file upload_6.csv (CSV, C-alpha atoms and all ligand atoms)
chain,number,residue,atom,x,y,z
J,1,VAL,CA,97.8,70.6,26.3
J,2,GLN,CA,99.2,67.7,24.2
J,3,GLY,CA,99.6,67.6,20.5
J,4,SER,CA,100.7,70.0,17.8
J,5,MET,CA,98.8,72.8,16.1
J,6,HIS,CA,101.0,72.7,13.1
J,7,GLY,CA,99.1,73.5,9.9
J,8,ARG,CA,96.2,75.1,11.9
J,9,THR,CA,95.2,78.7,11.7
J,10,ALA,CA,93.7,80.8,14.5
J,11,ILE,CA,91.9,84.1,14.2
J,12,ILE,CA,92.3,85.9,17.5
J,13,THR,CA,90.5,89.3,18.2
J,14,GLY,CA,92.0,91.6,20.8
J,15,ALA,CA,95.3,89.9,20.1
J,16,GLY,CA,97.4,93.0,20.8
J,17,SER,CA,97.0,92.9,24.6
J,18,GLY,CA,96.1,90.8,27.6
J,19,ILE,CA,94.2,87.5,27.2
J,20,GLY,CA,94.2,87.7,23.4
J,21,LYS,CA,98.0,88.2,23.2
J,22,ALA,CA,98.7,85.4,25.7
J,23,ALA,CA,96.5,83.1,23.7
J,24,ALA,CA,98.2,84.0,20.4
J,25,VAL,CA,101.6,83.3,22.0
J,26,LYS,CA,100.4,80.0,23.4
J,27,LEU,CA,98.8,78.8,20.1
J,28,ALA,CA,101.9,79.9,18.1
J,29,ARG,CA,104.2,78.0,20.5
J,30,MET,CA,102.1,74.9,19.7
J,31,GLY,CA,102.8,75.5,16.0
J,32,ALA,CA,99.6,77.3,14.9
J,33,ASN,CA,99.5,80.3,12.5
J,34,VAL,CA,97.9,83.2,14.2
J,35,ALA,CA,96.0,86.1,12.7
J,36,LEU,CA,96.1,88.9,15.2
J,37,PHE,CA,93.0,91.1,14.8
J,38,ASP,CA,93.1,94.3,16.8
J,39,LEU,CA,92.8,98.1,16.4
J,40,LEU,CA,95.9,99.5,14.7
J,41,ASP,CA,98.2,99.8,17.6
J,42,GLU,CA,101.9,99.5,18.2
J,43,ARG,CA,101.1,96.7,20.7
J,44,THR,CA,99.6,94.5,17.9
J,45,ASN,CA,102.7,95.0,15.7
J,46,LYS,CA,104.9,94.2,18.7
J,47,ALA,CA,102.9,91.0,19.4
J,48,GLU,CA,103.4,90.0,15.8
J,49,ALA,CA,107.2,90.6,16.0
J,50,GLU,CA,107.5,88.8,19.3
J,51,ILE,CA,105.6,85.7,18.1
J,52,ASN,CA,107.5,85.5,14.8
J,53,ALA,CA,110.8,85.7,16.8
J,54,LEU,CA,109.8,82.5,18.5
J,55,ARG,CA,110.2,80.8,15.1
J,56,GLU,CA,107.3,78.4,15.8
J,57,GLY,CA,103.9,79.3,14.3
J,58,SER,CA,103.8,82.4,12.3
J,59,ALA,CA,101.9,85.6,13.1
J,60,ARG,CA,100.3,88.3,11.1
J,61,ALA,CA,98.8,91.5,12.5
J,62,PHE,CA,95.6,92.9,11.0
J,63,ASP,CA,94.2,96.4,11.6
J,64,VAL,CA,90.6,95.4,12.3
J,65,ASP,CA,87.9,97.3,14.2
J,66,ILE,CA,85.6,94.3,14.9
J,67,THR,CA,82.5,96.6,14.8
J,68,ASP,CA,83.2,97.2,11.1
J,69,PRO,CA,81.6,94.4,9.1
J,70,ASP,CA,83.6,95.2,5.9
J,71,ARG,CA,86.9,95.3,7.7
J,72,VAL,CA,86.2,92.0,9.5
J,73,GLU,CA,85.2,90.3,6.3
J,74,LYS,CA,88.3,91.5,4.4
J,75,ALA,CA,90.7,90.6,7.2
J,76,VAL,CA,89.2,87.0,7.3
J,77,LEU,CA,89.7,86.7,3.5
J,78,GLU,CA,93.3,88.0,3.9
J,79,THR,CA,93.9,85.5,6.6
J,80,VAL,CA,92.7,82.7,4.3
J,81,GLU,CA,94.9,84.0,1.4
J,82,ILE,CA,98.0,84.0,3.7
J,83,PHE,CA,97.5,80.9,5.8
J,84,GLY,CA,95.2,78.8,3.6
J,85,GLY,CA,92.1,78.6,5.8
J,86,VAL,CA,90.8,79.0,9.3
J,87,ASP,CA,90.5,76.3,12.0
J,88,ILE,CA,90.2,78.2,15.3
J,89,VAL,CA,88.4,81.5,16.2
J,90,PHE,CA,89.0,83.2,19.5
J,91,ALA,CA,86.4,86.0,19.7
J,92,ASN,CA,87.9,87.8,22.6
J,93,ALA,CA,88.2,91.5,22.0
J,94,GLY,CA,86.1,93.6,24.4
J,95,ILE,CA,85.9,96.8,26.3
J,96,ASN,CA,84.5,97.7,29.7
J,97,GLY,CA,83.3,101.0,28.2
J,98,VAL,CA,81.4,103.6,30.3
J,99,LEU,CA,80.7,102.7,33.9
J,100,ALA,CA,77.7,104.8,35.0
J,101,PRO,CA,74.4,104.6,36.9
J,102,ILE,CA,71.7,103.6,34.4
J,103,ASP,CA,69.9,106.9,34.4
J,104,GLU,CA,73.2,108.7,33.8
J,105,MET,CA,74.3,106.5,30.9
J,106,LYS,CA,73.9,108.0,27.5
J,107,LEU,CA,72.4,105.8,24.7
J,108,GLU,CA,75.6,106.3,22.7
J,109,GLU,CA,77.7,105.0,25.6
J,110,TRP,CA,75.5,102.0,26.1
J,111,GLU,CA,75.6,101.2,22.3
J,112,LYS,CA,79.3,101.5,22.1
J,113,THR,CA,79.8,98.7,24.6
J,114,LEU,CA,77.2,96.6,22.8
J,115,LYS,CA,78.8,97.2,19.5
J,116,VAL,CA,82.3,96.1,20.5
J,117,ASN,CA,81.4,93.2,22.7
J,118,LEU,CA,78.3,91.8,21.0
J,119,ASN,CA,78.3,93.0,17.4
J,120,GLY,CA,82.1,92.4,17.3
J,121,THR,CA,81.6,88.8,18.5
J,122,PHE,CA,78.8,88.2,16.0
J,123,LEU,CA,80.7,89.6,13.1
J,124,THR,CA,83.9,87.7,13.8
J,125,VAL,CA,82.1,84.4,14.0
J,126,LYS,CA,79.8,85.2,11.0
J,127,TYR,CA,82.6,86.0,8.6
J,128,ALA,CA,84.9,83.2,9.8
J,129,LEU,CA,82.2,80.5,9.6
J,130,PRO,CA,82.2,79.7,5.9
J,131,HIS,CA,85.9,78.9,6.2
J,132,LEU,CA,85.5,76.7,9.3
J,133,LYS,CA,82.8,74.9,7.4
J,134,LYS,CA,85.1,74.3,4.5
J,135,ARG,CA,87.5,72.6,6.9
J,136,GLY,CA,84.8,70.2,8.0
J,137,GLN,CA,85.5,71.0,11.7
J,138,GLY,CA,86.5,73.8,13.9
J,139,SER,CA,86.7,75.4,17.3
J,140,ILE,CA,85.2,78.7,18.3
J,141,ILE,CA,86.0,80.2,21.8
J,142,ILE,CA,84.3,83.3,23.1
J,143,THR,CA,85.5,85.4,26.0
J,144,SER,CA,82.6,86.4,28.2
J,145,SER,CA,83.2,87.1,31.9
J,146,VAL,CA,82.0,86.2,35.4
J,147,ASN,CA,80.0,89.4,34.9
J,148,GLY,CA,77.8,87.5,32.4
J,149,THR,CA,76.1,85.7,35.3
J,150,ARG,CA,76.9,87.7,38.4
J,151,THR,CA,77.4,91.2,39.4
J,152,PHE,CA,79.5,91.2,42.6
J,153,SER,CA,81.0,94.7,43.2
J,154,ASN,CA,80.8,95.7,39.5
J,155,PHE,CA,78.9,98.9,39.9
J,156,GLY,CA,77.9,100.8,36.8
J,157,MET,CA,78.6,97.9,34.5
J,158,SER,CA,75.0,97.4,33.3
J,159,ALA,CA,76.1,97.6,29.6
J,160,TYR,CA,79.1,95.4,30.1
J,161,SER,CA,77.3,92.7,32.0
J,162,THR,CA,74.5,92.7,29.5
J,163,THR,CA,77.0,92.0,26.7
J,164,LYS,CA,78.8,89.3,28.7
J,165,ALA,CA,75.5,87.5,29.4
J,166,GLY,CA,74.6,87.9,25.7
J,167,GLN,CA,77.8,86.3,24.7
J,168,VAL,CA,77.0,83.2,26.8
J,169,ALA,CA,73.6,82.9,25.1
J,170,PHE,CA,75.1,83.4,21.7
J,171,ALA,CA,77.8,80.7,22.3
J,172,LYS,CA,75.2,78.2,23.3
J,173,MET,CA,72.9,78.9,20.3
J,174,ALA,CA,76.0,78.7,18.0
J,175,ALA,CA,77.1,75.4,19.6
J,176,LEU,CA,73.7,73.8,18.9
J,177,GLU,CA,73.5,75.3,15.3
J,178,LEU,CA,77.0,74.3,14.4
J,179,ALA,CA,77.3,70.8,15.9
J,180,LYS,CA,76.3,69.2,12.6
J,181,PHE,CA,79.3,70.9,11.0
J,182,LYS,CA,81.6,69.5,13.7
J,183,ILE,CA,82.3,73.0,14.8
J,184,ARG,CA,82.5,73.4,18.6
J,185,VAL,CA,81.7,76.6,20.4
J,186,ASN,CA,82.6,77.2,24.0
J,187,VAL,CA,82.5,80.3,26.2
J,188,ILE,CA,85.0,81.2,28.9
J,189,CYS,CA,84.2,83.4,31.9
J,190,PRO,CA,87.3,84.8,33.4
J,191,GLY,CA,87.3,86.6,36.8
J,192,ALA,CA,89.7,89.5,37.3
J,193,ILE,CA,92.7,89.0,35.1
J,194,ALA,CA,95.8,91.3,35.1
J,195,THR,CA,95.5,92.9,31.6
J,196,ASN,CA,95.1,96.4,30.2
J,197,ILE,CA,91.3,96.3,30.2
J,198,ASP,CA,91.1,99.2,32.7
J,199,GLN,CA,92.4,101.5,29.9
J,200,SER,CA,89.1,100.9,28.1
J,201,THR,CA,87.1,102.0,31.2
J,202,LYS,CA,85.5,105.4,31.5
J,203,LYS,CA,84.1,105.9,35.0
J,204,LYS,CA,81.5,108.6,35.6
J,205,ASP,CA,82.2,110.7,38.7
J,206,ASN,CA,78.9,110.0,40.4
J,207,LEU,CA,79.4,106.2,40.4
J,208,ASP,CA,79.8,106.5,44.1
J,209,GLU,CA,76.1,107.1,44.4
J,210,ILE,CA,75.3,103.5,43.4
J,211,THR,CA,78.3,101.8,45.0
J,212,ILE,CA,77.6,99.5,48.0
J,213,PRO,CA,80.8,98.9,50.1
J,214,VAL,CA,82.0,95.4,49.8
J,215,GLU,CA,84.4,93.7,52.2
J,216,TYR,CA,86.2,91.5,49.8
J,217,PRO,CA,89.1,93.4,48.2
J,218,GLU,CA,88.6,94.2,44.6
J,219,GLY,CA,90.5,91.9,42.2
J,220,SER,CA,91.0,89.2,44.8
J,221,GLN,CA,90.1,85.6,44.3
J,222,PRO,CA,89.9,82.8,47.0
J,223,LEU,CA,92.5,80.7,45.1
J,224,ALA,CA,95.0,83.5,44.7
J,225,ASP,CA,96.1,86.7,46.4
J,226,GLY,CA,95.4,88.8,43.3
J,227,PRO,CA,93.9,88.6,39.9
J,228,GLY,CA,94.6,85.7,37.5
J,229,GLN,CA,97.2,85.9,34.7
J,230,PRO,CA,96.5,86.0,31.0
J,231,GLU,CA,98.7,83.0,30.5
J,232,GLU,CA,96.4,80.9,32.7
J,233,VAL,CA,93.5,81.8,30.5
J,234,ALA,CA,95.6,81.1,27.4
J,235,ASP,CA,96.1,77.5,28.6
J,236,LEU,CA,92.3,77.0,28.8
J,237,VAL,CA,91.9,78.5,25.3
J,238,ALA,CA,94.6,76.2,23.9
J,239,PHE,CA,92.8,73.2,25.4
J,240,LEU,CA,89.5,74.3,23.9
J,241,ALA,CA,91.1,74.9,20.6
J,242,SER,CA,92.8,71.5,20.6
J,243,ASP,CA,91.4,68.0,19.7
J,244,GLN,CA,91.7,67.1,23.4
J,245,SER,CA,88.4,68.9,24.0
J,246,ARG,CA,86.8,67.3,20.9
J,247,HIS,CA,83.6,66.3,22.8
J,248,ILE,CA,83.1,69.6,24.6
J,249,THR,CA,80.8,72.1,23.0
J,250,GLY,CA,78.3,74.7,24.4
J,251,ALA,CA,80.2,74.7,27.7
J,252,GLN,CA,80.5,77.8,29.8
J,253,ILE,CA,83.7,77.5,31.7
J,254,PHE,CA,84.7,79.8,34.6
J,255,ILE,CA,88.3,80.6,35.1
J,256,ASP,CA,88.3,82.8,38.1
J,257,GLY,CA,90.0,81.2,41.2
J,258,ALA,CA,86.5,80.7,42.7
J,259,GLU,CA,85.6,84.4,42.4
J,260,SER,CA,82.2,83.5,41.1
J,261,LEU,CA,81.4,81.5,44.3
J,262,LEU,CA,81.6,84.5,46.5
A,1,LIG,P1,92.9,94.2,27.1
A,1,LIG,O1,92.4,95.6,27.1
A,1,LIG,O2,94.2,94.0,27.6
A,1,LIG,O3,92.8,93.6,25.6
A,1,LIG,C1,91.6,93.8,24.8
A,1,LIG,C2,92.0,94.1,23.4
A,1,LIG,O4,90.8,94.3,22.6
A,1,LIG,C3,92.9,95.4,23.2
A,1,LIG,O5,94.1,95.1,22.6
A,1,LIG,C4,92.0,96.3,22.4
A,1,LIG,O6,92.7,97.1,21.5
A,1,LIG,C5,91.1,95.3,21.7
A,1,LIG,N1,89.9,95.9,21.2
A,1,LIG,C6,89.1,96.8,21.8
A,1,LIG,N2,88.1,97.2,21.0
A,1,LIG,C7,88.3,96.7,19.8
A,1,LIG,C8,87.7,96.8,18.5
A,1,LIG,N3,86.6,97.5,18.3
A,1,LIG,N4,88.2,96.0,17.5
A,1,LIG,C9,89.3,95.3,17.7
A,1,LIG,N5,89.9,95.1,18.8
A,1,LIG,C10,89.5,95.8,19.9
A,1,LIG,O7,91.8,93.4,27.9
A,1,LIG,P2,91.6,91.8,28.2
A,1,LIG,O8,91.3,91.8,29.7
A,1,LIG,O9,92.6,91.0,27.7
A,1,LIG,O10,90.2,91.6,27.5
A,1,LIG,C11,89.9,90.5,26.7
A,1,LIG,C12,88.5,90.0,26.9
A,1,LIG,O11,88.5,89.5,28.3
A,1,LIG,C13,87.4,91.0,26.9
A,1,LIG,O12,86.3,90.5,26.2
A,1,LIG,C14,87.0,91.2,28.3
A,1,LIG,O13,85.7,91.6,28.5
A,1,LIG,C15,87.3,89.8,28.9
A,1,LIG,N6,87.5,89.8,30.3
A,1,LIG,C16,88.5,90.4,30.9
A,1,LIG,C17,88.6,90.3,32.3
A,1,LIG,C18,89.8,91.0,33.1
A,1,LIG,O14,89.7,91.1,34.3
A,1,LIG,N7,90.8,91.5,32.4
A,1,LIG,C19,87.7,89.6,33.1
A,1,LIG,C20,86.7,88.9,32.4
A,1,LIG,C21,86.6,89.0,31.1

call {"tool": "encode", "arguments": {"input": "upload_6.csv", "output": "structure tokens"}}
result
Amino acid sequence: VQGSMHGRTAIITGAGSGIGKAAAVKLARMGANVALFDLLDERTNKAEAEINALREGSARAFDVDITDPDRVEKAVLETVEIFGGVDIVFANAGINGVLAPIDEMKLEEWEKTLKVNLNGTFLTVKYALPHLKKRGQGSIIITSSVNGTRTFSNFGMSAYSTTKAGQVAFAKMAALELAKFKIRVNVICPGAIATNIDQSTKKKDNLDEITIPVEYPEGSQPLADGPGQPEEVADLVAFLASDQSRHITGAQIFIDGAESLL
């Protein structure tokens, strides 16, 4: 990606780990200030220290549960106080949540996944928007998944897949609504990426009952032997955040080594 991000500020949710952290590092290397929104976690503080040690864009870690509207609103305001505004929003935090057959899934389990992945995306965009509007332009990037449109081998992920499909619809509606403000909204759909997401997975024992054996090895992609890397996704995020993608909005972009073609 060409060009500098100096003077720009990005809010990144789920920035303590995986794709969010890689995107924060990438944007900071390009000169952006990055507000790292994540659950209070040593990883987020470590990401902050690592990015600040680069001596390029500066980073600040915020303890934010994205399901908590007050906390999201306050953290956005703190970001604006510290960095002077918001130009880029990467609504990325998400969990796999409980994997279970539908009739075994408890309502609370279903709702937990919806709260983090859908409410969290909505709240992040909602509270950042007034500040993007003040800038007169902006870029919002949302992390969905190949699971938003396909279900290959992902047994028990009815809640997760529902949220990932919902994020695609939300991004497209937002792109249309915000075009007149010169705010672009794009949604990325990674295939398997090597991150810590499995730590957010709770598998029910009886998942085997609904599993159909598949021949293709889990995590494999036609373009690569294994899963993609967070840094590969970060390059796409940087492009969508930059002016080089200035005519791209409402796009759903797969980054999956052709996994979704299987
Ligand atoms: P990860 O677990 O490494 O990172 C996710 C981060 O989100 C964690 O740091 C976690 O603490 C944070 N988070 C979780 N709940 C939160 C909450 N309530 N408030 C604030 N932060 C919260 O996983 P990742 O793979 O980097 O996931 C990032 C996004 O990518 C998710 O939306 C996920 O659904 C999506 N995705 C991942 C893959 C994959 O294979 N890793 C594939 C497709 C899509």

call {"tool": "residues_near_ligand", "arguments": {"input": "upload_6.csv", "ligand": "ligand LIG 1 (chain A)", "cutoff": "7 Å", "atoms": "all atoms listed in the file", "output": "JSON, numbers by chain"}}
result
{"J": [13, 14, 15, 16, 17, 18, 19, 20, 37, 38, 39, 64, 65, 66, 67, 92, 93, 94, 95, 96, 116, 117, 120, 143, 144, 145, 146, 189, 190, 191, 192, 193, 194, 195, 196, 197, 198, 199, 200]}

call {"tool": "closest_residue", "arguments": {"input": "upload_6.csv", "among": "J:Lys112, J:Lys46, J:Thr121, J:Phe90", "to": "Val72 in chain J", "atoms": "only C-alpha atoms"}}
result
J:Thr121

call {"tool": "residues_around", "arguments": {"input": "upload_6.csv", "residues": "Ala238 in chain J", "least_positions_apart": "5", "cutoff": "12 Å", "atoms": "only C-alpha atoms", "output": "PyMOL selection string"}}
result
chain J and resi 1-5+10+12+19-20+22-32+88-90+139-141+188+231-233+243-245

call {"tool": "residues_around", "arguments": {"input": "upload_6.csv", "residues": "Leu178 in chain J", "least_positions_apart": "5", "cutoff": "12 Å", "atoms": "all atoms listed in the file", "output": "ChimeraX atom specification"}}
result
/J:125-126,129-130,132-133,136-140,170-173,183-186,249-250

call {"tool": "residues_around", "arguments": {"input": "upload_6.csv", "residues": "range 162-165 of chain J", "least_positions_apart": "3", "cutoff": "7 Å", "atoms": "all atoms listed in the file", "output": "PDB file with C-alpha atoms, in the frame of the given file"}}
result
ATOM      1  CA  LEU J 114      77.200  96.600  22.800  1.00  0.00           C
ATOM      2  CA  ASN J 117      81.400  93.200  22.700  1.00  0.00           C
ATOM      3  CA  LEU J 118      78.300  91.800  21.000  1.00  0.00           C
ATOM      4  CA  SER J 144      82.600  86.400  28.200  1.00  0.00           C
ATOM      5  CA  SER J 145      83.200  87.100  31.900  1.00  0.00           C
ATOM      6  CA  ASN J 147      80.000  89.400  34.900  1.00  0.00           C
ATOM      7  CA  GLY J 148      77.800  87.500  32.400  1.00  0.00           C
ATOM      8  CA  THR J 149      76.100  85.700  35.300  1.00  0.00           C
ATOM      9  CA  SER J 158      75.000  97.400  33.300  1.00  0.00           C
ATOM     10  CA  ALA J 159      76.100  97.600  29.600  1.00  0.00           C
ATOM     11  CA  VAL J 168      77.000  83.200  26.800  1.00  0.00           C
ATOM     12  CA  ALA J 169      73.600  82.900  25.100  1.00  0.00           C
TER      13      ALA J 169
END

call {"tool": "decode", "arguments": {"input": "upload_6.csv", "residues": "range 120-148 of chain J", "atoms": "N, CA and C atoms", "output": "mmCIF file, in the first residue's frame"}}
result
data_model
loop_
_atom_site.group_PDB
_atom_site.id
_atom_site.type_symbol
_atom_site.label_atom_id
_atom_site.label_comp_id
_atom_site.auth_asym_id
_atom_site.auth_seq_id
_atom_site.Cartn_x
_atom_site.Cartn_y
_atom_site.Cartn_z
ATOM 1 N N GLY J 120 -21.587 -5.779 18.989
ATOM 2 C CA GLY J 120 -20.267 -5.142 19.112
ATOM 3 C C GLY J 120 -19.901 -4.360 17.857
ATOM 4 N N THR J 121 -20.189 -4.935 16.694
ATOM 5 C CA THR J 121 -19.917 -4.242 15.423
ATOM 6 C C THR J 121 -20.779 -2.986 15.324
ATOM 7 N N PHE J 122 -22.066 -3.143 15.616
ATOM 8 C CA PHE J 122 -22.995 -2.008 15.559
ATOM 9 C C PHE J 122 -22.556 -0.881 16.498
ATOM 10 N N LEU J 123 -22.232 -1.229 17.733
ATOM 11 C CA LEU J 123 -21.889 -0.194 18.721
ATOM 12 C C LEU J 123 -20.593 0.534 18.348
ATOM 13 N N THR J 124 -19.628 -0.215 17.848
ATOM 14 C CA THR J 124 -18.354 0.405 17.457
ATOM 15 C C THR J 124 -18.592 1.425 16.343
ATOM 16 N N VAL J 125 -19.347 1.016 15.339
ATOM 17 C CA VAL J 125 -19.624 1.916 14.202
ATOM 18 C C VAL J 125 -20.486 3.089 14.671
ATOM 19 N N LYS J 126 -21.522 2.788 15.430
ATOM 20 C CA LYS J 126 -22.454 3.837 15.892
ATOM 21 C C LYS J 126 -21.722 4.969 16.621
ATOM 22 N N TYR J 127 -20.867 4.607 17.576
ATOM 23 C CA TYR J 127 -20.245 5.662 18.390
ATOM 24 C C TYR J 127 -19.068 6.341 17.692
ATOM 25 N N ALA J 128 -18.477 5.669 16.716
ATOM 26 C CA ALA J 128 -17.377 6.315 15.981
ATOM 27 C C ALA J 128 -17.898 7.256 14.903
ATOM 28 N N LEU J 129 -19.104 6.970 14.402
ATOM 29 C CA LEU J 129 -19.620 7.694 13.231
ATOM 30 C C LEU J 129 -19.642 9.216 13.331
ATOM 31 N N PRO J 130 -20.133 9.786 14.441
ATOM 32 C CA PRO J 130 -20.164 11.254 14.507
ATOM 33 C C PRO J 130 -18.782 11.865 14.273
ATOM 34 N N HIS J 131 -17.747 11.133 14.676
ATOM 35 C CA HIS J 131 -16.380 11.662 14.544
ATOM 36 C C HIS J 131 -15.870 11.512 13.114
ATOM 37 N N LEU J 132 -16.251 10.427 12.457
ATOM 38 C CA LEU J 132 -15.902 10.274 11.037
ATOM 39 C C LEU J 132 -16.598 11.363 10.230
ATOM 40 N N LYS J 133 -17.856 11.612 10.567
ATOM 41 C CA LYS J 133 -18.619 12.646 9.843
ATOM 42 C C LYS J 133 -17.953 14.008 9.996
ATOM 43 N N LYS J 134 -17.427 14.278 11.179
ATOM 44 C CA LYS J 134 -16.730 15.559 11.400
ATOM 45 C C LYS J 134 -15.525 15.711 10.477
ATOM 46 N N ARG J 135 -14.873 14.603 10.168
ATOM 47 C CA ARG J 135 -13.702 14.643 9.285
ATOM 48 C C ARG J 135 -14.109 14.849 7.823
ATOM 49 N N GLY J 136 -15.376 14.563 7.516
ATOM 50 C CA GLY J 136 -15.835 14.719 6.128
ATOM 51 C C GLY J 136 -15.476 13.552 5.227
ATOM 52 N N GLN J 137 -14.913 12.517 5.796
ATOM 53 C CA GLN J 137 -14.617 11.276 5.058
ATOM 54 C C GLN J 137 -14.178 10.217 6.071
ATOM 55 N N GLY J 138 -14.089 8.990 5.597
ATOM 56 C CA GLY J 138 -13.629 7.955 6.521
ATOM 57 C C GLY J 138 -13.709 6.584 5.881
ATOM 58 N N SER J 139 -13.084 5.628 6.548
ATOM 59 C CA SER J 139 -13.131 4.248 6.070
ATOM 60 C C SER J 139 -13.456 3.313 7.237
ATOM 61 N N ILE J 140 -14.492 2.517 7.026
ATOM 62 C CA ILE J 140 -14.884 1.508 8.018
ATOM 63 C C ILE J 140 -14.660 0.142 7.382
ATOM 64 N N ILE J 141 -14.002 -0.731 8.120
ATOM 65 C CA ILE J 141 -13.772 -2.087 7.628
ATOM 66 C C ILE J 141 -14.313 -3.050 8.693
ATOM 67 N N ILE J 142 -15.077 -4.020 8.246
ATOM 68 C CA ILE J 142 -15.699 -4.963 9.180
ATOM 69 C C ILE J 142 -15.183 -6.368 8.880
ATOM 70 N N THR J 143 -14.823 -7.105 9.930
ATOM 71 C CA THR J 143 -14.374 -8.482 9.707
ATOM 72 C C THR J 143 -15.540 -9.448 9.850
ATOM 73 N N SER J 144 -15.972 -9.971 8.710
ATOM 74 C CA SER J 144 -16.925 -11.081 8.698
ATOM 75 C C SER J 144 -16.099 -12.367 8.577
ATOM 76 N N SER J 145 -16.495 -13.268 7.717
ATOM 77 C CA SER J 145 -15.795 -14.541 7.554
ATOM 78 C C SER J 145 -16.358 -15.237 6.321
ATOM 79 N N VAL J 146 -15.612 -16.194 5.778
ATOM 80 C CA VAL J 146 -16.205 -17.037 4.731
ATOM 81 C C VAL J 146 -17.485 -17.693 5.257
ATOM 82 N N ASN J 147 -17.558 -17.874 6.571
ATOM 83 C CA ASN J 147 -18.751 -18.479 7.184
ATOM 84 C C ASN J 147 -20.009 -17.642 7.005
ATOM 85 N N GLY J 148 -19.849 -16.387 6.628
ATOM 86 C CA GLY J 148 -21.019 -15.533 6.412
ATOM 87 C C GLY J 148 -21.811 -15.966 5.184
#
